[in-house]
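Written below as structure tokens is the structure these notes are about.
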Amino acid sequence: MTEAPAFPLKLFNSLTRSLEIFEPVHPGVPGDPARPPEARVYSCGPTVYNYPHIGNMRAYVFADTLGRTLSYKGYKLTHVINITDVGHLTDDADAGEDKLEKAAAERARKGEKTAIWDIAKHYTEAYWADVKALNIRQPAHWSIATDYVPAMIAFAKTIADKHCYELEGGLYFDTTTVAHYGSLARSVVDEGESRIDPVDGKRHPADFAIWRKTPAGETRQMEWDSPWGRGAPGWHLECSVMSEALLGFPFDIHTGGIDHREIHHPNEIAQNQAHSCSTDSGARMWMHNNFLVDRSGKMSKSSGEFLRVQLLIDKGYHPLAYRLMCLQAHYRSELEFSWDGLGAALTRLKRLVMAAAPVRDEEPTEATDRRLTDLLAKFDAAMSDDLNTPVALTLLEEAAAMKKIDAGQKAAALAAMDAVLGLDLLTTARADLRVRPKTAAIGEDEIEATLARRKDARAAKDFAASDALRDELIAAGVEVMDGDPLGWDWQPDAN
Ligand code: AMP
Ligand code: ZN
């Protein structure tokens with residue numbers, strides 16, 4: 001199809017704080033298609049005590065864009081996303097309660113006897129639904145933390161003597177036993193001073209639990225026997241163990257949101273160094289997406305109607321509009337959420353889908369036309385420049401808008417770009433993007449029938465009847481769009 005991409009892939013490594021050319025740990029055998037170069041990527045996954053908000057999902061759109069780019073650049077990708085169903089406390093800095101145990105206790109207080117495993121299952125499935133809605137590719141492995149507890153205990157045993165100490169509460173990691181603890185973090189000094197330190201006897205504020213003993217007199221729904229008492233693993237331990245088990249040591253890229261750069265990832269690195277008796281952080285590159293911010297405060301999971309992918313759908317926005325909204329910003333920039341911004345992203349997506357529609361059913365043929373090969377080269381340069389999706393999107397639009405060009409070649413170019421951006425341009429129809437809001441009082445058939453009656457009324461020059469039908473639709477939450485350049489007769493009035 002398209003020529004082998006020519007630009008070296010440059011990515012920002014939070015560890016060295018610089019752009020680096022991606023050099024795989026497993027380069028394969030050049031010229032042997034059976035031994036391609038590999039890219040092994042681990043992404044910190046959700047803690048399944050509640051629904052993910054759309055900010056969490058930005059982290060997976062980013063990881064997916066990275067994975068798609070690595071595939072596009074010819075690497076055989078092995079991507080792992082974990083599911084944290086035990087061990088993540090309400091405060092990343094080693095304080096508070098286990099998020100899942102807390103969720104179960106809250107339900108029990110309300111009289112709902114929900115087993116913690118069912119809570120984890122419910123929210124894992126909800127997360128997977130969001131993954132699908134946002135066209136995030138399935139990773140090679142979803143690693144479930146509770147499946148790896150024996151491996152976590154085995155890992156902890158290897159570091160316990162040299163790097164850990166035991167307290168009443170369990171086994172703690174002494175962060176001064178490894179070189180340059182916390183060098184990944186940006187705010188390590190403040191963090192050290194301001195960290196809540198509720199554990200008696202901790203040697204240093206930054207020390208963290210490797211194993212947390214169930215306090216005497218308490219029972220947890222999730223607990224295991226260990227040399228340090230019955231209890232549960234620390235959250236940071238999970239990712240060190242699962243990444244090594246599934247990707248080897250070291251592997252290529254570890255991803256997460258920027259909050260993980262401060263505590264979770266420095267702690268993983270410390271464990272990896274201790275376990276490998278080296279200064280190797282465990283991953284060659286550590287990459288972090290910036291936050292999605294929402295000034296209305298609706299992203300907080302404690303606010304009643306918080307910003308979930310399902311809420312966007314309920315309000316009539318196709319989820320891929322949110323994916324496009326994420327791609328409009330560079331992953332290292334903060335992105336501010338607004339409904340207007342999402343609406344604009346949906347319009348942009350509609351335009352793209354419409355521009356691609358004429359070549360949807362064409363058999364792709366090699367893109368040899370100079371105009372297309374130039375665009376594809378620029379696209380490669382943009383994505384190779386630390387995943388510059390805002391520029392890549394404009395190049396996709398340029399290709400989609402191209403007229404008087406061989407349809408098969410155009411289809412091939414659009415398919416190649418869309419394989420990286422994941423907007424499903426060639427399989428989505430314009431009408432698929434029109435999502436009926438949950439609160440809409442009227443079904444699609446009824447809307448079409450009312451519009452047909454309105455058309456007849458207008459043809460008969462009965463404008464009073466035509467206006468009355470229009471008002472009827474407006475009252476039912478439907479905006480009538482006469483002469484819409486995008487060819488929609490109506491759309492849900494979401495706001
Ligand atoms: P959690 O389930 O809390 O462990 O978070 C899942 C992922 O979402 C992690 O990679 C976080 O760093 C990331 N994350 C959390 N909040 C945001 C946000 N507002 N914007 C982008 N990423 C976020
Ligand atoms: Zn992690």
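Lettering and numbering for the structure tokens are positional, with chains as A, B, ... in the shown order, residues counted from 1 in each chain, and ligands counted from 1 in the shown order.
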Counting only C-alpha atoms and all ligand atoms, give me one row per residue of chain A with an atom at most 10 Å from an atom of ligand 2, showing the shortest contact pair and its distance in Å to one decimal, sorted by chain then residue number, as JSON lines.
```
{"residue": "A:Tyr42", "atom": "CA", "partner": "ligand 2", "partner_atom_place_in_ligand_line": "1 (Zn)", "distance": 8.5}
{"residue": "A:Ser43", "atom": "CA", "partner": "ligand 2", "partner_atom_place_in_ligand_line": "1 (Zn)", "distance": 7.0}
{"residue": "A:Cys44", "atom": "CA", "partner": "ligand 2", "partner_atom_place_in_ligand_line": "1 (Zn)", "distance": 4.0}
{"residue": "A:Gly45", "atom": "CA", "partner": "ligand 2", "partner_atom_place_in_ligand_line": "1 (Zn)", "distance": 6.7}
{"residue": "A:Pro46", "atom": "CA", "partner": "ligand 2", "partner_atom_place_in_ligand_line": "1 (Zn)", "distance": 8.9}
{"residue": "A:Thr47", "atom": "CA", "partner": "ligand 2", "partner_atom_place_in_ligand_line": "1 (Zn)", "distance": 9.7}
{"residue": "A:Ile81", "atom": "CA", "partner": "ligand 2", "partner_atom_place_in_ligand_line": "1 (Zn)", "distance": 9.0}
{"residue": "A:Asn82", "atom": "CA", "partner": "ligand 2", "partner_atom_place_in_ligand_line": "1 (Zn)", "distance": 7.6}
{"residue": "A:Ile83", "atom": "CA", "partner": "ligand 2", "partner_atom_place_in_ligand_line": "1 (Zn)", "distance": 9.2}
{"residue": "A:Thr84", "atom": "CA", "partner": "ligand 2", "partner_atom_place_in_ligand_line": "1 (Zn)", "distance": 8.3}
{"residue": "A:His88", "atom": "CA", "partner": "ligand 2", "partner_atom_place_in_ligand_line": "1 (Zn)", "distance": 9.7}
{"residue": "A:Trp235", "atom": "CA", "partner": "ligand 2", "partner_atom_place_in_ligand_line": "1 (Zn)", "distance": 7.5}
{"residue": "A:His236", "atom": "CA", "partner": "ligand 2", "partner_atom_place_in_ligand_line": "1 (Zn)", "distance": 6.2}
{"residue": "A:Leu237", "atom": "CA", "partner": "ligand 2", "partner_atom_place_in_ligand_line": "1 (Zn)", "distance": 8.4}
{"residue": "A:Glu238", "atom": "CA", "partner": "ligand 2", "partner_atom_place_in_ligand_line": "1 (Zn)", "distance": 7.0}
{"residue": "A:Cys239", "atom": "CA", "partner": "ligand 2", "partner_atom_place_in_ligand_line": "1 (Zn)", "distance": 4.6}
{"residue": "A:Ser240", "atom": "CA", "partner": "ligand 2", "partner_atom_place_in_ligand_line": "1 (Zn)", "distance": 7.7}
{"residue": "A:Val241", "atom": "CA", "partner": "ligand 2", "partner_atom_place_in_ligand_line": "1 (Zn)", "distance": 10.0}
{"residue": "A:Met242", "atom": "CA", "partner": "ligand 2", "partner_atom_place_in_ligand_line": "1 (Zn)", "distance": 9.2}
{"residue": "A:Ser243", "atom": "CA", "partner": "ligand 2", "partner_atom_place_in_ligand_line": "1 (Zn)", "distance": 9.0}
{"residue": "A:His254", "atom": "CA", "partner": "ligand 2", "partner_atom_place_in_ligand_line": "1 (Zn)", "distance": 8.7}
{"residue": "A:Thr255", "atom": "CA", "partner": "ligand 2", "partner_atom_place_in_ligand_line": "1 (Zn)", "distance": 8.5}
{"residue": "A:Gly256", "atom": "CA", "partner": "ligand 2", "partner_atom_place_in_ligand_line": "1 (Zn)", "distance": 7.4}
{"residue": "A:Gly257", "atom": "CA", "partner": "ligand 2", "partner_atom_place_in_ligand_line": "1 (Zn)", "distance": 10.0}
{"residue": "A:His260", "atom": "CA", "partner": "ligand 2", "partner_atom_place_in_ligand_line": "1 (Zn)", "distance": 7.7}
{"residue": "A:His264", "atom": "CA", "partner": "ligand 2", "partner_atom_place_in_ligand_line": "1 (Zn)", "distance": 6.5}
{"residue": "A:His265", "atom": "CA", "partner": "ligand 2", "partner_atom_place_in_ligand_line": "1 (Zn)", "distance": 6.8}
{"residue": "A:Asn267", "atom": "CA", "partner": "ligand 2", "partner_atom_place_in_ligand_line": "1 (Zn)", "distance": 9.6}
{"residue": "A:Glu268", "atom": "CA", "partner": "ligand 2", "partner_atom_place_in_ligand_line": "1 (Zn)", "distance": 7.6}
```
Practice item. Check the DSSP output for the backbone and give back, as a PyMOL selection string, the residues of region 11-159 of chain A in strand (DSSP E). Key: chain A and resi 11-13+18-21+38-43+76-83+89-91+95-98+141-144
Check your understanding: For Asp385 (chain A), which residue among A:Phe306, A:Trp339, A:Phe249, A:Phe22 is the nearest when counting only C-alpha atoms?
Key ->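 The answer is A:Phe22, which sits nearest to Asp385 (chain A).
Comparing the minimum interatomic distances between His53 (chain A) and each of A:Arg436, A:Lys157, A:Arg308, A:Lys99, counting only C-alpha atoms, we find that A:Arg308 sits nearest.
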Closest atom pairs, region 323-433 of chain A residues within 10 Å of region 54-77 of chain A, only C-alpha atoms, as CSV:
```
residue,atom,partner,partner_atom,distance
A:Arg323,CA,A:Val61,CA,6.9
A:Leu324,CA,A:Val61,CA,9.7
A:Met325,CA,A:Arg58,CA,9.6
A:Cys326,CA,A:Arg58,CA,6.6
A:Leu327,CA,A:Phe62,CA,8.3
A:His330,CA,A:Phe62,CA,9.4
A:Tyr331,CA,A:Phe62,CA,6.5
A:Arg332,CA,A:Phe62,CA,9.7
A:Leu335,CA,A:Gly55,CA,9.3
A:Glu336,CA,A:Gly55,CA,10.0
A:Phe337,CA,A:Gly55,CA,9.1
A:Asp380,CA,A:Lys73,CA,8.7
A:Met383,CA,A:Thr69,CA,7.1
A:Ser384,CA,A:Thr69,CA,8.1
A:Asp386,CA,A:Leu66,CA,9.1
A:Leu387,CA,A:Leu66,CA,7.2
A:Thr389,CA,A:Thr65,CA,8.8
A:Ala416,CA,A:Tyr72,CA,8.2
A:Met417,CA,A:Tyr72,CA,9.1
A:Asp418,CA,A:Arg68,CA,9.8
A:Ala419,CA,A:Arg68,CA,7.0
A:Val420,CA,A:Arg68,CA,5.1
A:Leu421,CA,A:Thr65,CA,6.5
A:Gly422,CA,A:Thr65,CA,7.9
```
Would you mind exporting C-alpha atoms of the selected residues as an mmCIF file, in the first residue's frame?
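Produced file result_25.cif, reproduced below:
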```
data_model
loop_
_atom_site.group_PDB
_atom_site.id
_atom_site.type_symbol
_atom_site.label_atom_id
_atom_site.label_comp_id
_atom_site.auth_asym_id
_atom_site.auth_seq_id
_atom_site.Cartn_x
_atom_site.Cartn_y
_atom_site.Cartn_z
ATOM 1 C CA ARG A 323 -11.697 11.047 20.339
ATOM 2 C CA LEU A 324 -11.254 13.763 17.717
ATOM 3 C CA MET A 325 -11.349 16.405 20.457
ATOM 4 C CA CYS A 326 -8.443 14.624 22.175
ATOM 5 C CA LEU A 327 -6.483 14.440 18.914
ATOM 6 C CA HIS A 330 -1.059 17.547 21.579
ATOM 7 C CA TYR A 331 -1.009 14.846 24.261
ATOM 8 C CA ARG A 332 1.472 16.856 26.365
ATOM 9 C CA LEU A 335 -6.966 20.157 27.112
ATOM 10 C CA GLU A 336 -9.967 22.036 28.354
ATOM 11 C CA PHE A 337 -13.309 20.335 28.000
ATOM 12 C CA ASP A 380 4.529 10.621 8.729
ATOM 13 C CA MET A 383 3.245 11.651 13.778
ATOM 14 C CA SER A 384 6.964 10.920 14.065
ATOM 15 C CA ASP A 386 6.218 13.124 19.195
ATOM 16 C CA LEU A 387 2.736 12.242 17.912
ATOM 17 C CA THR A 389 -1.917 14.742 16.060
ATOM 18 C CA ALA A 416 -3.425 4.751 5.964
ATOM 19 C CA MET A 417 -3.903 7.996 7.895
ATOM 20 C CA ASP A 418 -7.069 6.836 9.602
ATOM 21 C CA ALA A 419 -5.386 3.636 10.755
ATOM 22 C CA VAL A 420 -3.219 5.932 12.896
ATOM 23 C CA LEU A 421 -5.870 8.402 14.050
ATOM 24 C CA GLY A 422 -8.639 5.850 14.519
#
```
Check your understanding: DSSP on the backbone: what in region 217-425 of chain A comes out helix (DSSP H, G or I), as a ChimeraX atom specification?
Key -> /A:235-247,258-261,264-276,309-314,319-327,339-359,370-384,389-401,407-421
Exercise for review: Identify which of the residues A:Pro227, A:Val178, A:Val309, A:Arg470 lies closest to Thr279 (chain A), counting only C-alpha atoms when measuring atom-to-atom distances.
Suggested key: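 When distances to Thr279 (chain A) are compared using only C-alpha atoms, the smallest one comes from A:Val178.
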Exercise for review: Quote the spacing between CA of Ser143 (chain A) and CA of Asp252 (chain A) in Å to one decimal place.
Suggested key: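 One can read the CA of Ser143 (chain A) to CA of Asp252 (chain A) distance as 17.5 Å.
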Check your understanding: Distance CA of Gln310 (chain A)-CA of Trp128 (chain A), one decimal place?
Key ->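 CA of Gln310 (chain A) sits 12.1 Å away from CA of Trp128 (chain A).
Of the listed residues A:Ile313, A:Ala321, A:Met287, A:Ala39, the one whose atoms come nearest to Ile258 (chain A) is A:Met287, with distances taken using only C-alpha atoms.
Residue nearest Pro8 (chain A), chosen from A:Ile21, A:Ala133, A:Ala115, A:Ala140 and counting only C-alpha atoms: A:Ile21.
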Practice item. Would you mind telling me which residue in A:Asp118, A:Asp147, A:Asp280, A:Glu244 lies nearest to Ala179 (chain A) when using only C-alpha atoms? Key: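 Among the listed residues, the smallest separation from Ala179 (chain A) belongs to A:Asp280.
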Exercise for review: For Ala209 (chain A), list every protein, DNA or RNA residue within 7 Å, evaluated using only C-alpha atoms, and leave out those in the same chain fewer than 3 positions away; present the list as a list of chain:residue names.
Suggested key: A:Asp94, A:Gly170, A:Leu171, A:Tyr172, A:Phe173, A:Arg212, A:Gly234
Exercise for review: May I have the residues within 10 Å of Phe251 (chain A) as number ranges by chain, using only C-alpha atoms and disregarding those fewer than 3 positions away in the same chain?
Suggested key: A: 24-26, 38-42, 243-244, 246-248, 254, 281-285
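The interatomic distance for the pair CA of Thr368 (chain A) and CA of Ala413 (chain A) works out to 9.7 Å.
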